[in-house]
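> So here's my_file.csv (CSV, C-alpha atoms).
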```csv
chain,number,residue,atom,x,y,z
A,1,VAL,CA,15.6,7.1,-12.4
A,2,ASP,CA,14.9,3.6,-13.7
A,3,THR,CA,12.6,4.1,-16.7
A,4,ALA,CA,10.9,0.8,-16.0
A,5,LEU,CA,9.3,2.5,-12.9
A,6,THR,CA,6.1,4.4,-13.5
A,7,TYR,CA,5.0,7.3,-11.4
A,8,GLY,CA,1.3,8.3,-11.0
A,9,GLU,CA,-1.0,10.1,-8.6
A,10,TYR,CA,-4.0,8.1,-7.3
A,11,ASP,CA,-7.5,9.7,-7.0
A,12,LEU,CA,-7.9,10.9,-3.4
A,13,GLU,CA,-11.6,10.2,-3.0
A,14,PHE,CA,-11.2,6.6,-4.2
A,15,PHE,CA,-8.2,6.2,-2.0
A,16,ALA,CA,-10.2,7.3,1.0
A,17,THR,CA,-13.0,4.9,0.1
A,18,LEU,CA,-10.6,2.0,-0.2
A,19,VAL,CA,-8.8,2.7,3.0
A,20,ASP,CA,-12.0,3.3,4.9
A,21,ARG,CA,-13.2,-0.2,3.7
A,22,ALA,CA,-9.9,-1.7,4.9
A,23,LEU,CA,-10.4,-0.1,8.3
A,24,ASP,CA,-14.1,-1.4,8.4
A,25,GLY,CA,-15.2,2.2,8.7
A,26,GLY,CA,-13.1,2.7,11.9
A,27,ASP,CA,-10.8,5.5,12.8
A,28,GLY,CA,-7.6,3.6,12.3
A,29,ALA,CA,-6.6,3.6,16.0
A,30,GLY,CA,-3.8,1.2,16.6
A,31,HIS,CA,-3.0,0.7,12.9
A,32,SER,CA,0.3,1.4,11.2
A,33,PHE,CA,-0.4,2.6,7.7
A,34,VAL,CA,2.2,2.2,4.9
A,35,ASP,CA,2.0,3.5,1.3
A,36,VAL,CA,4.2,1.2,-0.8
A,37,GLY,CA,5.6,3.2,-3.7
A,38,SER,CA,4.7,6.5,-2.0
A,39,GLY,CA,6.3,8.8,-4.6
A,40,CYS,CA,6.2,12.4,-3.4
A,41,GLY,CA,4.1,11.4,-0.4
A,42,ARG,CA,0.7,12.7,-1.3
A,43,LEU,CA,-1.3,9.7,-0.1
A,44,VAL,CA,0.8,9.4,3.1
A,45,LEU,CA,0.0,13.0,3.9
A,46,ALA,CA,-3.7,12.5,3.0
A,47,ALA,CA,-3.9,9.4,5.3
A,48,SER,CA,-2.4,11.3,8.2
A,49,GLU,CA,-5.1,14.0,7.8
A,50,LEU,CA,-8.0,11.7,7.1
A,51,TRP,CA,-7.3,9.2,9.9
A,52,PRO,CA,-5.6,11.1,12.7
A,53,ALA,CA,-6.0,8.2,15.1
A,54,LEU,CA,-3.6,6.0,13.1
A,55,ALA,CA,-0.7,5.0,15.3
A,56,ARG,CA,1.8,5.6,12.5
A,57,VAL,CA,1.7,6.8,8.9
A,58,SER,CA,4.6,6.0,6.6
A,59,GLY,CA,5.7,5.7,3.0
A,60,VAL,CA,8.4,3.7,1.2
A,61,GLU,CA,9.7,4.8,-2.2
A,62,SER,CA,12.7,3.3,-4.1
A,63,VAL,CA,13.2,6.3,-6.4
A,64,ALA,CA,15.5,8.7,-4.5
A,65,GLU,CA,14.2,11.9,-6.3
A,66,LEU,CA,10.6,11.2,-5.4
A,67,HIS,CA,11.6,10.2,-1.8
A,68,ALA,CA,13.4,13.6,-1.5
A,69,LEU,CA,10.2,15.4,-2.5
A,70,ALA,CA,8.2,13.4,0.1
A,71,ALA,CA,10.8,14.1,2.8
A,72,ALA,CA,10.7,17.9,2.0
A,73,ALA,CA,6.8,17.9,2.1
A,74,SER,CA,6.8,16.1,5.4
A,75,SER,CA,8.3,19.1,7.2
A,76,ALA,CA,5.1,21.0,6.5
A,77,ALA,CA,2.8,18.2,7.7
A,78,PRO,CA,0.7,18.9,10.8
A,79,ARG,CA,1.7,15.6,12.3
A,80,ALA,CA,4.8,13.3,12.1
A,81,VAL,CA,4.9,11.0,9.1
A,82,ASP,CA,7.8,8.8,8.1
A,83,PHE,CA,9.3,8.4,4.6
A,84,TYR,CA,11.9,5.7,3.7
A,85,CYS,CA,13.9,5.5,0.6
A,86,ALA,CA,14.2,1.7,0.3
A,87,ASP,CA,12.9,-1.4,-1.4
A,88,ALA,CA,9.6,-2.4,0.1
A,89,HIS,CA,10.6,-6.0,0.4
A,90,ASP,CA,13.4,-5.0,2.7
A,91,ALA,CA,11.6,-2.3,4.6
A,92,LEU,CA,8.6,-4.5,5.5
A,93,ARG,CA,10.6,-7.4,7.0
A,94,ALA,CA,10.0,-8.1,10.6
A,95,ASP,CA,13.1,-6.2,11.8
A,96,GLY,CA,12.8,-3.5,9.1
A,97,PRO,CA,11.7,0.1,9.6
A,98,LEU,CA,8.2,-0.8,8.5
A,99,GLY,CA,7.9,-4.2,10.1
A,100,ASP,CA,4.9,-3.0,12.2
A,101,ALA,CA,2.7,-2.4,9.1
A,102,SER,CA,-0.9,-3.4,9.7
A,103,LEU,CA,-2.5,-1.5,6.8
A,104,VAL,CA,-0.7,-1.3,3.4
A,105,PHE,CA,-1.8,0.6,0.3
A,106,ALA,CA,-0.1,0.1,-3.1
A,107,TYR,CA,-1.0,1.7,-6.4
A,108,THR,CA,-0.1,-1.4,-8.4
A,109,SER,CA,-1.5,-0.8,-11.9
A,110,THR,CA,1.8,-1.2,-13.6
A,111,TRP,CA,3.5,-3.7,-11.2
A,112,PRO,CA,4.6,-7.2,-12.4
A,113,SER,CA,1.7,-9.6,-12.7
A,114,PHE,CA,0.3,-12.7,-14.2
A,115,GLY,CA,-3.2,-11.9,-15.4
A,116,ASP,CA,-4.8,-9.9,-12.7
A,117,GLU,CA,-2.6,-11.3,-9.9
A,118,LEU,CA,0.5,-9.5,-8.7
A,119,THR,CA,3.6,-11.6,-8.7
A,120,ASP,CA,6.5,-9.9,-6.8
A,121,PHE,CA,4.3,-7.9,-4.5
A,122,SER,CA,2.4,-11.0,-3.5
A,123,VAL,CA,5.7,-12.6,-2.4
A,124,THR,CA,6.5,-9.5,-0.4
A,125,CYS,CA,3.1,-9.4,1.3
A,126,GLY,CA,3.0,-13.2,1.9
A,127,THR,CA,6.5,-13.3,3.4
A,128,ARG,CA,7.0,-9.9,5.1
A,129,LEU,CA,3.6,-8.9,6.5
A,130,GLN,CA,2.1,-10.2,9.7
A,131,SER,CA,-1.0,-12.3,9.5
A,132,GLY,CA,-4.0,-10.0,9.9
A,133,THR,CA,-2.5,-7.1,7.9
A,134,ARG,CA,-4.9,-5.5,5.5
A,135,VAL,CA,-3.6,-4.7,2.0
A,136,VAL,CA,-5.2,-2.5,-0.6
A,137,THR,CA,-4.0,-2.9,-4.2
A,138,THR,CA,-5.3,-1.3,-7.4
A,139,ASP,CA,-6.3,-3.1,-10.6
A,140,LYS,CA,-4.4,-6.2,-9.7
A,141,ARG,CA,-4.9,-8.4,-6.6
A,142,LEU,CA,-2.6,-10.4,-4.4
A,143,SER,CA,-2.1,-14.0,-5.1
A,144,SER,CA,-2.1,-16.9,-2.6
A,145,ASP,CA,0.2,-18.8,-5.0
A,146,GLY,CA,2.8,-19.6,-2.3
A,147,PRO,CA,3.0,-20.9,1.3
A,148,TRP,CA,0.9,-17.9,2.4
A,149,GLU,CA,-2.8,-17.2,2.2
A,150,VAL,CA,-4.5,-13.9,1.3
A,151,ARG,CA,-8.3,-13.4,1.5
A,152,LEU,CA,-10.2,-11.0,-0.7
A,153,LEU,CA,-12.5,-8.9,1.4
A,154,ASP,CA,-13.9,-6.6,-1.2
A,155,ALA,CA,-13.4,-5.4,-4.8
A,156,LEU,CA,-14.6,-1.8,-5.4
A,157,GLU,CA,-14.7,0.1,-8.7
A,158,GLY,CA,-13.9,3.8,-8.7
A,159,VAL,CA,-12.4,6.8,-10.6
A,160,ASN,CA,-8.8,6.7,-11.8
A,161,ALA,CA,-8.1,9.2,-14.6
A,162,GLU,CA,-4.6,7.6,-15.2
A,163,THR,CA,-6.1,4.3,-16.2
A,164,GLY,CA,-8.7,5.6,-18.6
A,165,GLY,CA,-11.3,6.7,-16.1
A,166,ALA,CA,-12.0,3.6,-13.9
A,167,SER,CA,-10.0,1.4,-11.6
A,168,VAL,CA,-10.7,-1.6,-9.3
A,169,GLY,CA,-9.5,-1.5,-5.8
A,170,TYR,CA,-8.9,-4.8,-3.9
A,171,VAL,CA,-9.2,-4.9,-0.2
A,172,GLN,CA,-7.4,-8.0,1.1
A,173,GLU,CA,-6.2,-9.5,4.3
A,174,VAL,CA,-3.1,-11.6,4.9
A,175,VAL,CA,-4.6,-14.7,6.5
A,176,ARG,CA,-1.4,-16.7,6.8
A,177,SER,CA,2.1,-15.4,6.4
A,178,THR,CA,5.5,-17.1,6.2
A,179,ARG,CA,7.0,-14.1,8.1
A,180,GLY,CA,9.8,-15.3,10.3
```
Take the structure I supplied and represent it as structure tokens, if you would.

Amino acid sequence: VDTALTYGEYDLEFFATLVDRALDGGDGAGHSFVDVGSGCGRLVLAASELWPALARVSGVESVAELHALAAAASSAAPRAVDFYCADAHDALRADGPLGDASLVFAYTSTWPSFGDELTDFSVTCGTRLQSGTRVVTTDKRLSSDGPWEVRLLDALEGVNAETGGASVGYVQEVVRSTRG
């Protein structure tokens, strides 16, 4: 396991609040949910239960050991969920296994950033996701520092014991993408 990668579990209640906001309070029908950095799959399984109308629920994790735990847990899930052991930048491309993503969640507290703006993940979202995709990030927001545009829809504060008790969740929308 790459020691530069950090694993953590996100607060379920705050997760539900953020995803509900990204869905504008809807049931998720027609949306394809992806948890980027899905770890052992906890949030993917929660999303499948909380929003049963979601068209698809998936996770992508680059750490093989965590992916294996998620894959094992998925066998006990009441509905089909997909887990991929891959780099998100590759998995989210138009012809990738998660190219249909329309709602993305990423626990990004430790991801590369400049100030409060995500660097590498902003590139992934701006070049891989379809325009109109909703993206939820935590403690750091997406940047429009490229040929793409991201709009901040909301910033909500909530509980996150792993960051000292509080966290900010950013609900954003890819307005313009360079996806080709």
> Would you kindly return, as a PyMOL selection string, each protein, DNA or RNA residue with an atom no farther than 10 Å from any atom of segment 18-33 of chain A, considering only C-alpha atoms and excluding same-chain residues fewer than 6 positions away?
chain A and resi 12+44+47-48+50-59+98-105+133-138+153-158+168-173
> Rounded to one decimal in Å, what is the spacing between atom CA of Ser62 of chain A and atom CA of Leu142 of chain A?
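These two atoms are separated by 20.5 Å.
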> With distances taken over all atoms listed in the file, which of A:Glu65, A:Asp95, A:Glu13, A:Asp35 is nearest to Arg179 of chain A?
A:Asp95
> Nearest to Tyr84 of chain A: which of A:Leu152, A:Leu69, A:Ala16, A:Val60 is it, counting all atoms listed in the file?
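When distances to Tyr84 of chain A are compared using all atoms listed in the file, the smallest one comes from A:Val60.
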> How many Å separate atom CA of Ala46 of chain A from atom CA of Phe14 of chain A?
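According to the coordinates, atom CA of Ala46 of chain A and atom CA of Phe14 of chain A are separated by 12.0 Å.
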> With all atoms listed in the file as the atoms that count, which of A:Pro97, A:Gly115, A:Gly39, A:Pro78 lies nearest to Arg141 of chain A?
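Of A:Pro97, A:Gly115, A:Gly39, A:Pro78, the one nearest Arg141 of chain A is A:Gly115, counting all atoms listed in the file.
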> At a cut-off of 9 Å, using all atoms listed in the file, what residues contact Ser177 of chain A? Leave out same-chain residues fewer than 2 positions from it and give the result as a list in words.
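The filter keeps Cys125, Gly126, Thr127, Arg128, Leu129, Gln130, Ser131, Gly132, Pro147, Trp148, Glu149, Val150, Val174, Val175, Arg179 and Gly180 of chain A.
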> Pick out the closest residue to Arg93 of chain A from this set: A:Ala166, A:Val159, A:Val123, A:Ala64. Count all atoms listed in the file.
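For Arg93 of chain A, the nearest of the candidates is A:Val123.
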> I need segment 60-76 of chain A from the structure I supplied, saved as a PDB file, in the first residue's frame with all heavy atoms retained.

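The file below, out_37.pdb, is the result:
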```
ATOM      1  N   VAL A  60     -14.846   3.450  -6.968  1.00  0.00           N
ATOM      2  CA  VAL A  60     -13.538   3.214  -7.577  1.00  0.00           C
ATOM      3  C   VAL A  60     -12.478   3.453  -6.511  1.00  0.00           C
ATOM      4  O   VAL A  60     -12.521   4.444  -5.790  1.00  0.00           O
ATOM      5  CB  VAL A  60     -13.308   4.079  -8.845  1.00  0.00           C
ATOM      6  CG1 VAL A  60     -13.401   5.563  -8.540  1.00  0.00           C
ATOM      7  CG2 VAL A  60     -11.990   3.733  -9.509  1.00  0.00           C
ATOM      8  N   GLU A  61     -11.574   2.497  -6.388  1.00  0.00           N
ATOM      9  CA  GLU A  61     -10.522   2.534  -5.371  1.00  0.00           C
ATOM     10  C   GLU A  61      -9.226   2.062  -6.011  1.00  0.00           C
ATOM     11  O   GLU A  61      -9.218   1.047  -6.715  1.00  0.00           O
ATOM     12  CB  GLU A  61     -10.900   1.643  -4.191  1.00  0.00           C
ATOM     13  CG  GLU A  61      -9.847   1.480  -3.134  1.00  0.00           C
ATOM     14  CD  GLU A  61      -9.417   2.799  -2.510  1.00  0.00           C
ATOM     15  OE1 GLU A  61     -10.286   3.549  -2.031  1.00  0.00           O
ATOM     16  OE2 GLU A  61      -8.194   3.074  -2.512  1.00  0.00           O
ATOM     17  N   SER A  62      -8.126   2.771  -5.742  1.00  0.00           N
ATOM     18  CA  SER A  62      -6.847   2.383  -6.346  1.00  0.00           C
ATOM     19  C   SER A  62      -6.033   1.436  -5.476  1.00  0.00           C
ATOM     20  O   SER A  62      -5.098   0.818  -5.962  1.00  0.00           O
ATOM     21  CB  SER A  62      -6.019   3.638  -6.665  1.00  0.00           C
ATOM     22  OG  SER A  62      -5.713   4.341  -5.483  1.00  0.00           O
ATOM     23  N   VAL A  63      -6.383   1.295  -4.210  1.00  0.00           N
ATOM     24  CA  VAL A  63      -5.651   0.409  -3.304  1.00  0.00           C
ATOM     25  C   VAL A  63      -6.291  -0.982  -3.359  1.00  0.00           C
ATOM     26  O   VAL A  63      -7.446  -1.159  -2.941  1.00  0.00           O
ATOM     27  CB  VAL A  63      -5.638   0.954  -1.863  1.00  0.00           C
ATOM     28  CG1 VAL A  63      -4.918   0.000  -0.927  1.00  0.00           C
ATOM     29  CG2 VAL A  63      -4.999   2.344  -1.820  1.00  0.00           C
ATOM     30  N   ALA A  64      -5.548  -1.940  -3.885  1.00  0.00           N
ATOM     31  CA  ALA A  64      -6.091  -3.281  -4.125  1.00  0.00           C
ATOM     32  C   ALA A  64      -6.662  -3.930  -2.869  1.00  0.00           C
ATOM     33  O   ALA A  64      -7.708  -4.588  -2.932  1.00  0.00           O
ATOM     34  CB  ALA A  64      -5.020  -4.174  -4.745  1.00  0.00           C
ATOM     35  N   GLU A  65      -6.013  -3.760  -1.743  1.00  0.00           N
ATOM     36  CA  GLU A  65      -6.477  -4.386  -0.500  1.00  0.00           C
ATOM     37  C   GLU A  65      -7.837  -3.839  -0.077  1.00  0.00           C
ATOM     38  O   GLU A  65      -8.717  -4.581   0.368  1.00  0.00           O
ATOM     39  CB  GLU A  65      -5.457  -4.195   0.630  1.00  0.00           C
ATOM     40  CG  GLU A  65      -4.159  -4.940   0.411  1.00  0.00           C
ATOM     41  CD  GLU A  65      -3.134  -4.156  -0.431  1.00  0.00           C
ATOM     42  OE1 GLU A  65      -3.494  -3.108  -1.042  1.00  0.00           O
ATOM     43  OE2 GLU A  65      -1.984  -4.598  -0.494  1.00  0.00           O
ATOM     44  N   LEU A  66      -8.036  -2.530  -0.209  1.00  0.00           N
ATOM     45  CA  LEU A  66      -9.330  -1.931   0.148  1.00  0.00           C
ATOM     46  C   LEU A  66     -10.400  -2.330  -0.863  1.00  0.00           C
ATOM     47  O   LEU A  66     -11.538  -2.622  -0.490  1.00  0.00           O
ATOM     48  CB  LEU A  66      -9.201  -0.409   0.229  1.00  0.00           C
ATOM     49  CG  LEU A  66      -8.298   0.111   1.348  1.00  0.00           C
ATOM     50  CD1 LEU A  66      -8.137   1.624   1.248  1.00  0.00           C
ATOM     51  CD2 LEU A  66      -8.855  -0.283   2.713  1.00  0.00           C
ATOM     52  N   HIS A  67     -10.028  -2.342  -2.138  1.00  0.00           N
ATOM     53  CA  HIS A  67     -10.964  -2.781  -3.175  1.00  0.00           C
ATOM     54  C   HIS A  67     -11.444  -4.214  -2.901  1.00  0.00           C
ATOM     55  O   HIS A  67     -12.638  -4.514  -3.045  1.00  0.00           O
ATOM     56  CB  HIS A  67     -10.326  -2.692  -4.562  1.00  0.00           C
ATOM     57  CG  HIS A  67     -11.111  -3.425  -5.591  1.00  0.00           C
ATOM     58  ND1 HIS A  67     -12.307  -2.948  -6.095  1.00  0.00           N
ATOM     59  CD2 HIS A  67     -10.906  -4.616  -6.191  1.00  0.00           C
ATOM     60  CE1 HIS A  67     -12.791  -3.821  -6.957  1.00  0.00           C
ATOM     61  NE2 HIS A  67     -11.968  -4.836  -7.044  1.00  0.00           N
ATOM     62  N   ALA A  68     -10.541  -5.090  -2.489  1.00  0.00           N
ATOM     63  CA  ALA A  68     -10.904  -6.477  -2.202  1.00  0.00           C
ATOM     64  C   ALA A  68     -11.939  -6.547  -1.067  1.00  0.00           C
ATOM     65  O   ALA A  68     -12.876  -7.349  -1.131  1.00  0.00           O
ATOM     66  CB  ALA A  68      -9.660  -7.294  -1.851  1.00  0.00           C
ATOM     67  N   LEU A  69     -11.786  -5.703  -0.064  1.00  0.00           N
ATOM     68  CA  LEU A  69     -12.772  -5.662   1.025  1.00  0.00           C
ATOM     69  C   LEU A  69     -14.135  -5.216   0.503  1.00  0.00           C
ATOM     70  O   LEU A  69     -15.172  -5.770   0.881  1.00  0.00           O
ATOM     71  CB  LEU A  69     -12.298  -4.724   2.137  1.00  0.00           C
ATOM     72  CG  LEU A  69     -11.089  -5.185   2.946  1.00  0.00           C
ATOM     73  CD1 LEU A  69     -10.611  -4.058   3.867  1.00  0.00           C
ATOM     74  CD2 LEU A  69     -11.428  -6.425   3.752  1.00  0.00           C
ATOM     75  N   ALA A  70     -14.138  -4.203  -0.375  1.00  0.00           N
ATOM     76  CA  ALA A  70     -15.393  -3.715  -0.944  1.00  0.00           C
ATOM     77  C   ALA A  70     -16.060  -4.788  -1.793  1.00  0.00           C
ATOM     78  O   ALA A  70     -17.274  -5.006  -1.697  1.00  0.00           O
ATOM     79  CB  ALA A  70     -15.134  -2.455  -1.769  1.00  0.00           C
ATOM     80  N   ALA A  71     -15.272  -5.450  -2.609  1.00  0.00           N
ATOM     81  CA  ALA A  71     -15.825  -6.507  -3.473  1.00  0.00           C
ATOM     82  C   ALA A  71     -16.441  -7.618  -2.631  1.00  0.00           C
ATOM     83  O   ALA A  71     -17.519  -8.133  -2.961  1.00  0.00           O
ATOM     84  CB  ALA A  71     -14.740  -7.048  -4.390  1.00  0.00           C
ATOM     85  N   ALA A  72     -15.782  -7.978  -1.533  1.00  0.00           N
ATOM     86  CA  ALA A  72     -16.324  -9.016  -0.646  1.00  0.00           C
ATOM     87  C   ALA A  72     -17.625  -8.548   0.006  1.00  0.00           C
ATOM     88  O   ALA A  72     -18.586  -9.312   0.104  1.00  0.00           O
ATOM     89  CB  ALA A  72     -15.292  -9.393   0.411  1.00  0.00           C
ATOM     90  N   ALA A  73     -17.666  -7.285   0.423  1.00  0.00           N
ATOM     91  CA  ALA A  73     -18.874  -6.751   1.067  1.00  0.00           C
ATOM     92  C   ALA A  73     -20.034  -6.657   0.092  1.00  0.00           C
ATOM     93  O   ALA A  73     -21.195  -6.801   0.489  1.00  0.00           O
ATOM     94  CB  ALA A  73     -18.574  -5.382   1.669  1.00  0.00           C
ATOM     95  N   SER A  74     -19.739  -6.446  -1.178  1.00  0.00           N
ATOM     96  CA  SER A  74     -20.816  -6.274  -2.157  1.00  0.00           C
ATOM     97  C   SER A  74     -21.649  -7.540  -2.340  1.00  0.00           C
ATOM     98  O   SER A  74     -22.817  -7.465  -2.723  1.00  0.00           O
ATOM     99  CB  SER A  74     -20.261  -5.817  -3.507  1.00  0.00           C
ATOM    100  OG  SER A  74     -19.559  -6.862  -4.149  1.00  0.00           O
ATOM    101  N   SER A  75     -21.069  -8.687  -2.041  1.00  0.00           N
ATOM    102  CA  SER A  75     -21.816  -9.931  -2.198  1.00  0.00           C
ATOM    103  C   SER A  75     -22.981 -10.023  -1.214  1.00  0.00           C
ATOM    104  O   SER A  75     -23.943 -10.752  -1.464  1.00  0.00           O
ATOM    105  CB  SER A  75     -20.891 -11.137  -2.045  1.00  0.00           C
ATOM    106  OG  SER A  75     -20.387 -11.201  -0.721  1.00  0.00           O
ATOM    107  N   ALA A  76     -22.905  -9.283  -0.109  1.00  0.00           N
ATOM    108  CA  ALA A  76     -23.976  -9.292   0.873  1.00  0.00           C
ATOM    109  C   ALA A  76     -24.953  -8.127   0.690  1.00  0.00           C
ATOM    110  O   ALA A  76     -25.927  -8.012   1.421  1.00  0.00           O
ATOM    111  CB  ALA A  76     -23.383  -9.237   2.286  1.00  0.00           C
TER     112      ALA A  76
END
```
